[in-house]
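As stored in work.csv (CSV, C-alpha atoms):
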chain,number,residue,atom,x,y,z
A,1,MET,CA,-230.5,51.0,35.3
A,2,GLN,CA,-230.3,54.6,34.2
A,3,TYR,CA,-226.4,54.7,34.4
A,4,GLU,CA,-226.2,51.7,32.1
A,5,ALA,CA,-228.2,53.7,29.5
A,6,GLY,CA,-225.5,56.3,29.1
A,7,ASN,CA,-226.7,59.7,28.2
A,8,VAL,CA,-230.2,58.6,27.4
A,9,ASP,CA,-232.9,59.9,29.8
A,10,ILE,CA,-234.9,56.7,29.9
A,11,PHE,CA,-237.9,58.2,31.8
A,12,ASN,CA,-238.5,61.0,29.3
A,13,THR,CA,-237.3,59.3,26.2
A,14,VAL,CA,-238.4,55.7,26.0
A,15,PRO,CA,-242.2,56.2,26.6
A,16,CYS,CA,-242.2,58.1,23.2
A,17,TYR,CA,-241.6,54.7,21.5
A,18,LEU,CA,-244.1,52.6,23.4
A,19,ASP,CA,-247.8,51.7,22.7
A,20,ASN,CA,-250.6,51.7,25.3
A,21,VAL,CA,-248.7,54.1,27.6
A,22,GLY,CA,-250.0,54.6,31.1
A,23,GLU,CA,-248.8,56.3,34.3
A,24,HIS,CA,-249.4,55.4,37.9
A,25,PHE,CA,-247.6,56.0,41.2
A,26,TYR,CA,-245.7,53.5,43.4
A,27,ASN,CA,-244.6,54.7,46.8
A,28,GLU,CA,-245.4,58.2,45.6
A,29,PHE,CA,-243.0,58.0,42.7
A,30,PRO,CA,-244.3,58.0,39.1
A,31,VAL,CA,-244.1,54.8,37.0
A,32,ILE,CA,-244.8,54.7,33.3
A,33,THR,CA,-245.9,51.5,31.6
A,34,GLY,CA,-246.4,50.5,28.0
A,35,ASN,CA,-245.5,47.8,25.5
A,36,ILE,CA,-243.6,47.3,22.3
A,37,GLY,CA,-245.3,44.4,20.6
A,38,ARG,CA,-245.7,41.6,23.1
A,39,LEU,CA,-243.1,43.0,25.5
A,40,LYS,CA,-244.3,44.9,28.5
A,41,ILE,CA,-242.1,47.8,29.7
A,42,SER,CA,-242.1,49.6,33.0
A,43,ILE,CA,-240.0,52.7,33.7
A,44,ASN,CA,-239.3,54.9,36.7
A,45,ARG,CA,-236.7,57.6,37.4
A,46,TYR,CA,-234.0,55.1,38.0
A,47,GLN,CA,-234.5,52.1,35.7
A,48,MET,CA,-236.4,50.5,32.9
A,49,GLU,CA,-237.6,46.9,33.1
A,50,ILE,CA,-238.9,44.5,30.5
A,51,LYS,CA,-241.4,42.8,32.9
A,52,GLY,CA,-243.4,40.5,30.7
A,53,GLY,CA,-243.3,38.7,27.4
A,54,SER,CA,-240.9,36.4,25.6
A,55,LEU,CA,-238.0,37.8,23.5
A,56,CYS,CA,-238.3,34.7,21.3
A,57,LYS,CA,-242.1,35.3,20.6
A,58,TRP,CA,-241.4,39.0,20.1
A,59,TYR,CA,-238.7,38.5,17.5
A,60,LEU,CA,-239.6,35.2,15.8
A,61,GLY,CA,-243.4,35.3,16.3
A,62,ASP,CA,-243.7,32.1,18.4
A,63,ASN,CA,-241.5,30.0,20.7
A,64,TYR,CA,-241.8,26.8,18.7
A,65,GLN,CA,-238.7,28.1,16.9
A,66,THR,CA,-235.4,28.2,18.8
A,67,MET,CA,-233.4,31.4,19.1
A,68,GLY,CA,-229.9,30.8,18.0
A,69,ARG,CA,-227.0,32.9,19.0
A,70,SER,CA,-227.2,35.2,15.9
A,71,ASP,CA,-231.0,35.5,16.4
A,72,THR,CA,-230.5,36.7,19.9
A,73,GLN,CA,-228.0,39.3,18.8
A,74,ARG,CA,-230.3,40.6,16.1
A,75,ALA,CA,-233.2,40.7,18.5
A,76,MET,CA,-231.2,42.7,21.0
A,77,GLU,CA,-230.1,45.1,18.3
A,78,LYS,CA,-233.6,45.6,17.0
A,79,LEU,CA,-235.0,46.2,20.4
A,80,SER,CA,-232.2,48.7,21.1
A,81,ASP,CA,-233.0,50.6,17.9
A,82,MET,CA,-236.7,50.7,18.7
A,83,LEU,CA,-236.3,51.9,22.3
A,84,HIS,CA,-233.3,54.0,21.6
A,85,VAL,CA,-231.4,52.5,24.6
A,86,PRO,CA,-228.4,50.0,24.6
A,87,ILE,CA,-230.3,46.8,25.6
A,88,GLY,CA,-227.1,44.8,25.4
A,89,LYS,CA,-225.9,46.7,28.5
A,90,ALA,CA,-229.1,45.8,30.5
A,91,ARG,CA,-229.0,43.3,33.4
A,92,VAL,CA,-230.7,40.0,32.8
A,93,THR,CA,-232.8,38.9,35.8
A,94,ARG,CA,-234.7,35.9,34.2
A,95,LEU,CA,-233.4,33.4,31.7
A,96,ASP,CA,-235.1,30.4,30.1
A,97,ILE,CA,-233.1,27.9,28.0
A,98,ALA,CA,-235.6,25.8,26.0
A,99,GLN,CA,-236.2,23.6,23.0
A,100,ASN,CA,-239.2,21.9,21.4
A,101,ILE,CA,-238.5,18.3,20.6
A,102,ILE,CA,-240.6,16.3,18.1
A,103,THR,CA,-240.9,12.8,19.6
A,104,GLN,CA,-242.0,9.4,18.4
A,105,TYR,CA,-244.4,8.7,21.3
A,106,PRO,CA,-246.9,10.9,23.2
A,107,VAL,CA,-245.2,13.3,25.6
A,108,ASP,CA,-246.5,11.5,28.8
A,109,VAL,CA,-244.5,8.4,27.8
A,110,TYR,CA,-241.3,10.3,28.3
A,111,LEU,CA,-242.4,12.0,31.5
A,112,ASN,CA,-243.1,8.6,33.1
A,113,HIS,CA,-239.5,7.6,32.6
A,114,LEU,CA,-237.9,10.8,34.2
A,115,GLY,CA,-237.2,10.0,37.8
A,116,ALA,CA,-235.6,11.8,40.7
A,117,LEU,CA,-233.1,14.7,40.4
A,118,LYS,CA,-230.8,15.3,43.3
A,119,TYR,CA,-231.5,18.5,45.4
A,120,TYR,CA,-234.7,19.1,43.4
A,121,LYS,CA,-238.3,18.5,44.2
A,122,ARG,CA,-240.1,16.4,41.5
A,123,LEU,CA,-243.6,17.7,40.9
A,124,PRO,CA,-245.7,15.9,38.2
A,125,MET,CA,-248.9,17.5,37.0
A,126,ILE,CA,-250.7,14.7,35.4
A,127,GLU,CA,-253.8,16.6,34.1
A,128,ALA,CA,-251.7,19.3,32.6
A,129,GLY,CA,-249.3,16.8,31.0
A,130,SER,CA,-246.3,18.3,32.6
A,131,LEU,CA,-243.4,17.6,35.0
A,132,TYR,CA,-241.5,20.1,37.0
A,133,TYR,CA,-238.2,19.9,39.0
A,134,ILE,CA,-238.0,22.8,41.5
A,135,GLN,CA,-235.1,24.2,43.4
A,136,GLU,CA,-234.7,27.7,44.9
A,137,GLY,CA,-234.1,30.1,42.0
A,138,ARG,CA,-234.5,27.6,39.2
A,139,LYS,CA,-236.8,25.1,37.6
A,140,LEU,CA,-236.7,22.3,35.0
A,141,CYS,CA,-240.0,22.0,33.1
A,142,PHE,CA,-241.1,19.3,30.7
A,143,TYR,CA,-244.5,19.6,29.1
A,144,ASP,CA,-246.6,18.9,26.1
A,145,LYS,CA,-246.2,22.0,23.9
A,146,ASN,CA,-249.1,21.5,21.7
A,147,LYS,CA,-251.4,20.8,24.6
A,148,GLU,CA,-250.3,24.1,26.2
A,149,GLN,CA,-250.8,26.0,23.0
A,150,LYS,CA,-254.3,24.7,22.6
A,151,SER,CA,-255.1,25.6,26.2
A,152,GLN,CA,-254.0,29.2,25.5
A,153,LYS,CA,-256.0,29.2,22.2
A,154,GLU,CA,-252.8,30.0,20.3
A,155,PRO,CA,-252.2,28.6,16.8
A,156,ILE,CA,-250.0,25.6,16.3
A,157,PRO,CA,-247.5,26.0,13.4
A,158,GLU,CA,-248.0,23.7,10.5
A,159,LEU,CA,-244.8,21.8,11.1
A,160,TYR,CA,-246.0,20.7,14.5
A,161,LYS,CA,-249.7,20.0,13.8
A,162,GLY,CA,-250.7,16.4,14.7
A,163,ARG,CA,-247.2,15.6,16.1
A,164,ASN,CA,-245.9,14.9,19.6
A,165,VAL,CA,-244.0,17.9,20.8
A,166,LEU,CA,-242.0,17.7,24.1
A,167,ARG,CA,-240.8,21.1,25.4
A,168,PHE,CA,-237.9,21.1,27.9
A,169,GLU,CA,-237.1,24.4,29.7
A,170,TYR,CA,-234.4,25.2,32.1
A,171,ARG,CA,-235.5,28.4,33.9
A,172,PHE,CA,-233.2,30.6,35.9
A,173,ILE,CA,-235.7,32.6,37.9
A,174,SER,CA,-233.7,34.6,40.4
A,175,LYS,CA,-230.1,35.4,41.4
A,176,ILE,CA,-228.9,34.2,38.0
A,177,ASN,CA,-225.5,35.9,38.3
A,178,ASN,CA,-224.7,33.7,41.3
A,179,GLN,CA,-226.1,30.6,39.6
A,180,LEU,CA,-224.1,31.2,36.4
A,181,GLY,CA,-220.9,32.3,38.2
A,182,GLN,CA,-220.9,35.9,36.9
A,183,GLU,CA,-220.6,39.3,38.6
A,184,LYS,CA,-223.7,40.2,36.4
A,185,VAL,CA,-225.4,38.8,33.4
A,186,THR,CA,-226.1,41.3,30.6
A,187,GLY,CA,-228.0,41.2,27.3
A,188,GLU,CA,-224.9,41.1,25.2
A,189,MET,CA,-223.6,38.1,27.1
A,190,LEU,CA,-226.5,36.1,25.7
A,191,TYR,CA,-224.9,36.1,22.3
A,192,ASN,CA,-221.3,35.8,23.4
A,193,GLU,CA,-220.1,32.5,22.0
A,194,SER,CA,-218.5,30.9,25.0
A,195,PHE,CA,-221.3,32.0,27.4
A,196,TYR,CA,-224.0,30.8,24.9
A,197,VAL,CA,-222.4,27.4,24.5
A,198,GLY,CA,-222.1,27.2,28.3
A,199,LEU,CA,-225.8,27.7,28.7
A,200,LEU,CA,-226.5,25.0,26.1
A,201,ASN,CA,-224.3,22.6,28.1
A,202,ARG,CA,-226.1,23.4,31.3
A,203,TRP,CA,-229.4,22.6,29.7
A,204,ARG,CA,-228.1,19.3,28.4
A,205,ASP,CA,-226.4,18.4,31.7
A,206,ALA,CA,-229.5,19.2,33.7
A,207,TYR,CA,-231.4,16.6,31.7
A,208,LYS,CA,-228.6,14.0,32.0
A,209,SER,CA,-228.6,14.4,35.8
A,210,ILE,CA,-232.1,13.1,36.1
A,211,ASP,CA,-232.4,9.5,37.1
A,212,LYS,CA,-234.0,7.6,34.2
A,213,ILE,CA,-236.6,4.9,35.0
A,214,ASN,CA,-236.2,1.9,32.7
A,215,ASP,CA,-238.9,-0.7,32.1
A,216,SER,CA,-237.8,-3.7,34.0
A,217,PHE,CA,-238.7,-7.4,33.7
A,218,LEU,CA,-237.8,-10.5,35.7
A,219,ASN,CA,-235.7,-12.7,33.4
A,220,PHE,CA,-235.1,-15.8,35.5
A,221,GLN,CA,-233.0,-17.4,32.7
A,222,GLU,CA,-230.3,-14.8,33.5
A,223,MET,CA,-230.3,-15.7,37.2
A,224,ARG,CA,-226.9,-17.3,38.0
A,225,THR,CA,-226.0,-16.3,41.6
A,226,LYS,CA,-227.6,-15.5,45.0
A,227,GLN,CA,-226.9,-11.8,44.3
A,228,ASP,CA,-228.8,-12.1,41.0
A,229,LEU,CA,-231.7,-13.6,43.0
A,230,TYR,CA,-231.5,-10.7,45.5
A,231,ARG,CA,-231.6,-8.1,42.8
A,232,LEU,CA,-234.5,-9.8,41.0
A,233,GLY,CA,-236.4,-9.9,44.3
A,234,VAL,CA,-235.8,-6.1,44.8
A,235,LEU,CA,-237.0,-5.4,41.3
A,236,SER,CA,-240.1,-7.5,41.9
A,237,LEU,CA,-240.9,-5.5,45.1
A,238,VAL,CA,-240.3,-2.2,43.2
A,239,GLU,CA,-242.8,-3.2,40.5
A,240,ARG,CA,-245.4,-4.3,43.0
A,241,ALA,CA,-245.0,-1.0,44.8
A,242,GLY,CA,-245.7,0.9,41.6
A,243,GLY,CA,-242.2,1.7,40.3
A,244,GLN,CA,-239.0,3.2,41.6
A,245,LEU,CA,-240.3,6.6,42.5
A,246,GLU,CA,-243.3,5.1,44.4
A,247,MET,CA,-241.0,2.7,46.3
A,248,ILE,CA,-238.6,5.6,47.3
A,249,LYS,CA,-241.6,7.7,48.3
A,250,GLN,CA,-242.8,4.9,50.7
A,251,ILE,CA,-239.3,4.6,52.2
A,252,ASN,CA,-239.2,8.4,52.8
A,253,GLU,CA,-242.6,8.3,54.5
A,254,ALA,CA,-241.5,5.4,56.7
A,255,GLN,CA,-238.4,7.5,57.7
A,256,LYS,CA,-240.7,10.5,58.5
A,257,GLN,CA,-242.9,8.3,60.7
A,258,GLY,CA,-239.8,7.0,62.6
A,259,ILE,CA,-240.2,3.4,61.4
A,260,LEU,CA,-236.8,3.7,59.7
A,261,SER,CA,-233.8,5.5,60.8
A,262,LYS,CA,-232.1,8.0,58.5
A,263,LYS,CA,-229.3,5.5,57.7
A,264,GLN,CA,-231.8,2.6,57.2
A,265,ALA,CA,-233.8,4.7,54.8
A,266,TYR,CA,-230.6,5.8,53.0
A,267,ASP,CA,-229.4,2.2,52.6
A,268,LEU,CA,-232.8,1.0,51.3
A,269,ARG,CA,-233.0,3.9,48.8
A,270,LYS,CA,-229.5,3.1,47.6
A,271,LYS,CA,-230.4,-0.6,47.1
A,272,VAL,CA,-233.6,0.2,45.2
A,273,LYS,CA,-231.7,2.6,42.8
A,274,GLU,CA,-228.9,0.0,42.3
A,275,ALA,CA,-231.4,-2.8,41.5
A,276,CYS,CA,-233.3,-0.5,39.0
A,277,SER,CA,-230.1,0.6,37.2
A,278,ILE,CA,-228.4,-2.8,36.8
A,279,GLY,CA,-227.2,-3.8,33.4
A,280,GLY,CA,-227.2,-7.1,31.6
A,281,ASN,CA,-230.5,-8.6,30.7
A,282,PHE,CA,-232.3,-7.9,33.9
A,283,THR,CA,-233.7,-4.6,32.5
A,284,ALA,CA,-235.0,-3.8,29.1
A,285,PRO,CA,-233.5,-0.7,27.4
A,286,ASN,CA,-236.2,1.9,27.0
A,287,GLU,CA,-236.7,3.1,23.5
A,288,ALA,CA,-238.3,6.4,24.5
A,289,ILE,CA,-235.3,7.4,26.8
A,290,ILE,CA,-232.8,6.3,24.1
A,291,GLU,CA,-234.6,8.5,21.6
A,292,LEU,CA,-234.8,11.5,24.0
A,293,ASP,CA,-231.1,11.2,25.0
A,294,ARG,CA,-230.1,11.3,21.4
A,295,LYS,CA,-232.3,14.3,20.5
A,296,ILE,CA,-231.2,16.3,23.6
A,297,ASN,CA,-227.5,15.8,22.5
A,298,ASP,CA,-228.4,16.6,18.9
A,299,ALA,CA,-230.2,19.8,19.9
A,300,ILE,CA,-227.1,21.5,21.4
A,301,LYS,CA,-224.9,20.4,18.5
A,302,PHE,CA,-227.2,22.1,16.0
A,303,TYR,CA,-227.5,25.4,17.9
A,304,ARG,CA,-223.8,25.8,18.8

Could you render the structure from this file as structure tokens?
Amino acid sequence: MQYEAGNVDIFNTVPCYLDNVGEHFYNEFPVITGNIGRLKISINRYQMEIKGGSLCKWYLGDNYQTMGRSDTQRAMEKLSDMLHVPIGKARVTRLDIAQNIITQYPVDVYLNHLGALKYYKRLPMIEAGSLYYIQEGRKLCFYDKNKEQKSQKEPIPELYKGRNVLRFEYRFISKINNQLGQEKVTGEMLYNESFYVGLLNRWRDAYKSIDKINDSFLNFQEMRTKQDLYRLGVLSLVERAGGQLEMIKQINEAQKQGILSKKQAYDLRKKVKEACSIGGNFTAPNEAIIELDRKINDAIKFYR
């Protein structure tokens, strides 16, 4: 907003520092657009917006690298110097917390073991090699970074060529001040230590909240009680149905059709989840999930 820029007349000053400057009218008011590198800028009499582009790509050259707290501060200071406005005072309206993770197995192996997330809609996109969890105002995105880079005809850095690269993004798309419990979120808050660490923790905790789907097998040598037999029977049905998510999907459809009551569907979903999460030797630990759990935890330790 203009008042956050202090004494700087953004409408008449900032365009002098932009490339590809153009002007048009919106609701009879003039709007000036331009760019500074890969960042797209829009200015009217009342405010300036950075409407497109990635701060990470703009400052580091690509988003394979991760912007640490000091990188974020230096990027803000550089942008402020180039535009001659205090970008640290600007309101943040979109925020992505992301990391590229080099994995042992192909990316789709990990996506297949990420199950339901409470209050989110799970949306797999098989052909694109991606998985989305969607809720109003936010998204969790898992996808094959190298595949995306190739589809956009962008170069892959040498370090990542020929490797499996899983990208996990936690996107705050709208009303981020409410979601983050702040009166407003500003540029300078992004490199405040406690705020920055809080964002990393949210990124990690969002991943941890996802139900993980383990490979299961029926080990009859471990069957000792009637309850064990019951659980093994449920696991067998789940496998025949195509897995935990498919079984829950069928239960949900039966509820919608009126075949099951709300309580019956809830009880069945609960039993399916319990059977799929039992310990002991009924289920095999999944190496891919163990690896990903470790690397997610390591990521936030490194960038604190």

query: Quick one: residues within 7 Å of segment 53-57 of chain A, all atoms listed in the file counted, chain neighbours fewer than 4 positions away excluded, as a list in words?
result: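 These residues fall inside the cut-off: Arg38, Leu39, Lys40, Gly61, Asp62, Asn63 and Met67 of chain A.
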
query: With distances taken over all atoms listed in the file, which of A:Tyr64, A:Ile210, A:Ser174, A:Asn44 is nearest to Glu158 of chain A?
result: A:Tyr64

field: Separation of atom CA of Leu235 of chain A from atom CA of Leu140 of chain A in Å
entry: 28.4 Å

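For the pair atom CA of Ile97 of chain A and atom CA of Gly34 of chain A, the interatomic distance is 26.2 Å.
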
Contacts of Pro106 of chain A within 6 Å, all atoms listed in the file, excl. fewer than 2 positions in-chain, as a ChimeraX atom specification: /A:108-109,164

- request: Report the distance between atom CA of Ile213 of chain A and atom CA of Leu114 of chain A in Å, rounded to one decimal place.
  value: 6.1 Å

field: Polymer residues at most 7 Å from segment 16-22 of chain A, all atoms listed in the file, same-chain spacing of 3 or more positions, as an MDAnalysis selection string
entry: chainID A and resid 13 32:36 82:83

task: Could you give me, as a list in words, the residues within 10 Å of Tyr132 of chain A, counting all atoms listed in the file and dropping anything in the same chain fewer than 4 positions from it?
output: Leu111, Tyr120, Lys121, Arg122, Leu123, Pro124, Met125, Lys139, Leu140, Cys141, Phe142, Tyr143, Phe168 and Glu169 of chain A

- request: Go through A:Phe11, A:Tyr266, A:Tyr133, A:Trp203 one by one, measure the shortest atom-to-atom distance of each to Ile300 of chain A using all atoms listed in the file, and give the residue with the smallest value.
  value: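 Smallest distance to Ile300 of chain A is found for A:Trp203.
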
- line: With distances taken over all atoms listed in the file, the candidate from A:Lys153, A:Leu232, A:Lys295, A:Leu180 nearest Tyr196 of chain A is A:Leu180

Closest of A:Lys270, A:Arg94, A:Arg294, A:Arg231 to Lys51 of chain A - atom-to-atom distances counting all atoms listed in the file: A:Arg94

task: Name the residues in contact with Gln182 of chain A at a cut-off of 12 Å, using all atoms listed in the file, excluding same-chain residues fewer than 5 positions from it; report them as a list in words.
output: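 Listed by chain and then number, they are Arg91, Val92, Lys175, Ile176, Asn177, Met189 and Phe195 of chain A.
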
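Across A:Gly68, A:Val272, A:Ser80, A:Lys208, the tightest approach to Asn192 of chain A is made by A:Gly68 when counting only C-alpha atoms.
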
Could you rebuild segment 51-85 of chain A with N, CA and C atoms and give it back as a short mmCIF file (atom, residue, chain, number, x, y, z; two decimals), in the frame of the given file?
data_model
loop_
_atom_site.label_atom_id
_atom_site.label_comp_id
_atom_site.auth_asym_id
_atom_site.auth_seq_id
_atom_site.Cartn_x
_atom_site.Cartn_y
_atom_site.Cartn_z
N LYS A 51 -240.79 43.61 31.82
CA LYS A 51 -241.40 42.80 32.90
C LYS A 51 -242.21 41.65 32.43
N GLY A 52 -242.56 41.61 31.20
CA GLY A 52 -243.40 40.50 30.70
C GLY A 52 -243.21 40.27 29.25
N GLY A 53 -243.42 39.03 28.83
CA GLY A 53 -243.30 38.70 27.40
C GLY A 53 -242.04 37.88 27.14
N SER A 54 -242.03 37.25 26.00
CA SER A 54 -240.90 36.40 25.60
C SER A 54 -240.17 37.07 24.44
N LEU A 55 -238.85 37.20 24.58
CA LEU A 55 -238.00 37.80 23.50
C LEU A 55 -238.14 36.94 22.25
N CYS A 56 -238.22 35.63 22.43
CA CYS A 56 -238.30 34.70 21.30
C CYS A 56 -239.65 34.96 20.53
N LYS A 57 -240.76 35.04 21.26
CA LYS A 57 -242.10 35.30 20.60
C LYS A 57 -242.07 36.68 19.97
N TRP A 58 -241.46 37.64 20.64
CA TRP A 58 -241.40 39.00 20.10
C TRP A 58 -240.67 39.07 18.78
N TYR A 59 -239.55 38.36 18.72
CA TYR A 59 -238.70 38.50 17.50
C TYR A 59 -239.05 37.48 16.43
N LEU A 60 -239.33 36.23 16.81
CA LEU A 60 -239.60 35.20 15.80
C LEU A 60 -241.08 34.94 15.57
N GLY A 61 -241.94 35.47 16.45
CA GLY A 61 -243.40 35.30 16.30
C GLY A 61 -243.99 34.21 17.08
N ASP A 62 -243.20 33.22 17.48
CA ASP A 62 -243.70 32.10 18.40
C ASP A 62 -242.45 31.53 19.03
N ASN A 63 -242.68 30.68 20.04
CA ASN A 63 -241.50 30.00 20.70
C ASN A 63 -241.45 28.55 20.35
N TYR A 64 -242.07 28.16 19.23
CA TYR A 64 -241.80 26.80 18.70
C TYR A 64 -240.40 26.84 18.06
N GLN A 65 -240.05 27.95 17.48
CA GLN A 65 -238.70 28.10 16.90
C GLN A 65 -237.73 28.35 18.07
N THR A 66 -236.47 28.03 17.81
CA THR A 66 -235.40 28.20 18.80
C THR A 66 -234.55 29.40 18.40
N MET A 67 -234.32 30.30 19.34
CA MET A 67 -233.40 31.40 19.10
C MET A 67 -231.98 31.00 19.12
N GLY A 68 -231.32 31.04 17.98
CA GLY A 68 -229.90 30.80 18.00
C GLY A 68 -229.13 31.99 18.47
N ARG A 69 -227.83 31.86 18.50
CA ARG A 69 -227.00 32.90 19.00
C ARG A 69 -227.12 34.20 18.14
N SER A 70 -227.12 34.03 16.82
CA SER A 70 -227.20 35.20 15.90
C SER A 70 -228.64 35.80 16.01
N ASP A 71 -229.68 34.96 16.20
CA ASP A 71 -231.00 35.50 16.40
C ASP A 71 -231.10 36.37 17.62
N THR A 72 -230.46 35.90 18.69
CA THR A 72 -230.50 36.70 19.90
C THR A 72 -229.80 38.01 19.77
N GLN A 73 -228.68 38.03 19.05
CA GLN A 73 -228.00 39.30 18.80
C GLN A 73 -228.84 40.24 18.00
N ARG A 74 -229.46 39.73 16.93
CA ARG A 74 -230.30 40.60 16.10
C ARG A 74 -231.51 41.11 16.84
N ALA A 75 -232.08 40.26 17.72
CA ALA A 75 -233.20 40.70 18.50
C ALA A 75 -232.84 41.83 19.46
N MET A 76 -231.68 41.70 20.09
CA MET A 76 -231.20 42.70 21.00
C MET A 76 -230.94 44.05 20.24
N GLU A 77 -230.36 43.94 19.06
CA GLU A 77 -230.10 45.10 18.30
C GLU A 77 -231.35 45.81 17.81
N LYS A 78 -232.34 45.00 17.40
CA LYS A 78 -233.60 45.60 17.00
C LYS A 78 -234.32 46.27 18.12
N LEU A 79 -234.32 45.64 19.28
CA LEU A 79 -235.00 46.20 20.40
C LEU A 79 -234.27 47.52 20.87
N SER A 80 -232.95 47.52 20.79
CA SER A 80 -232.20 48.70 21.10
C SER A 80 -232.54 49.87 20.17
N ASP A 81 -232.66 49.56 18.87
CA ASP A 81 -233.00 50.60 17.90
C ASP A 81 -234.41 51.13 18.13
N MET A 82 -235.34 50.26 18.48
CA MET A 82 -236.70 50.70 18.70
C MET A 82 -236.93 51.50 19.94
N LEU A 83 -236.18 51.16 20.99
CA LEU A 83 -236.30 51.90 22.30
C LEU A 83 -235.32 53.00 22.44
N HIS A 84 -234.30 53.00 21.57
CA HIS A 84 -233.30 54.00 21.60
C HIS A 84 -232.45 53.97 22.92
N VAL A 85 -232.23 52.76 23.40
CA VAL A 85 -231.40 52.50 24.60
C VAL A 85 -230.52 51.27 24.26
#
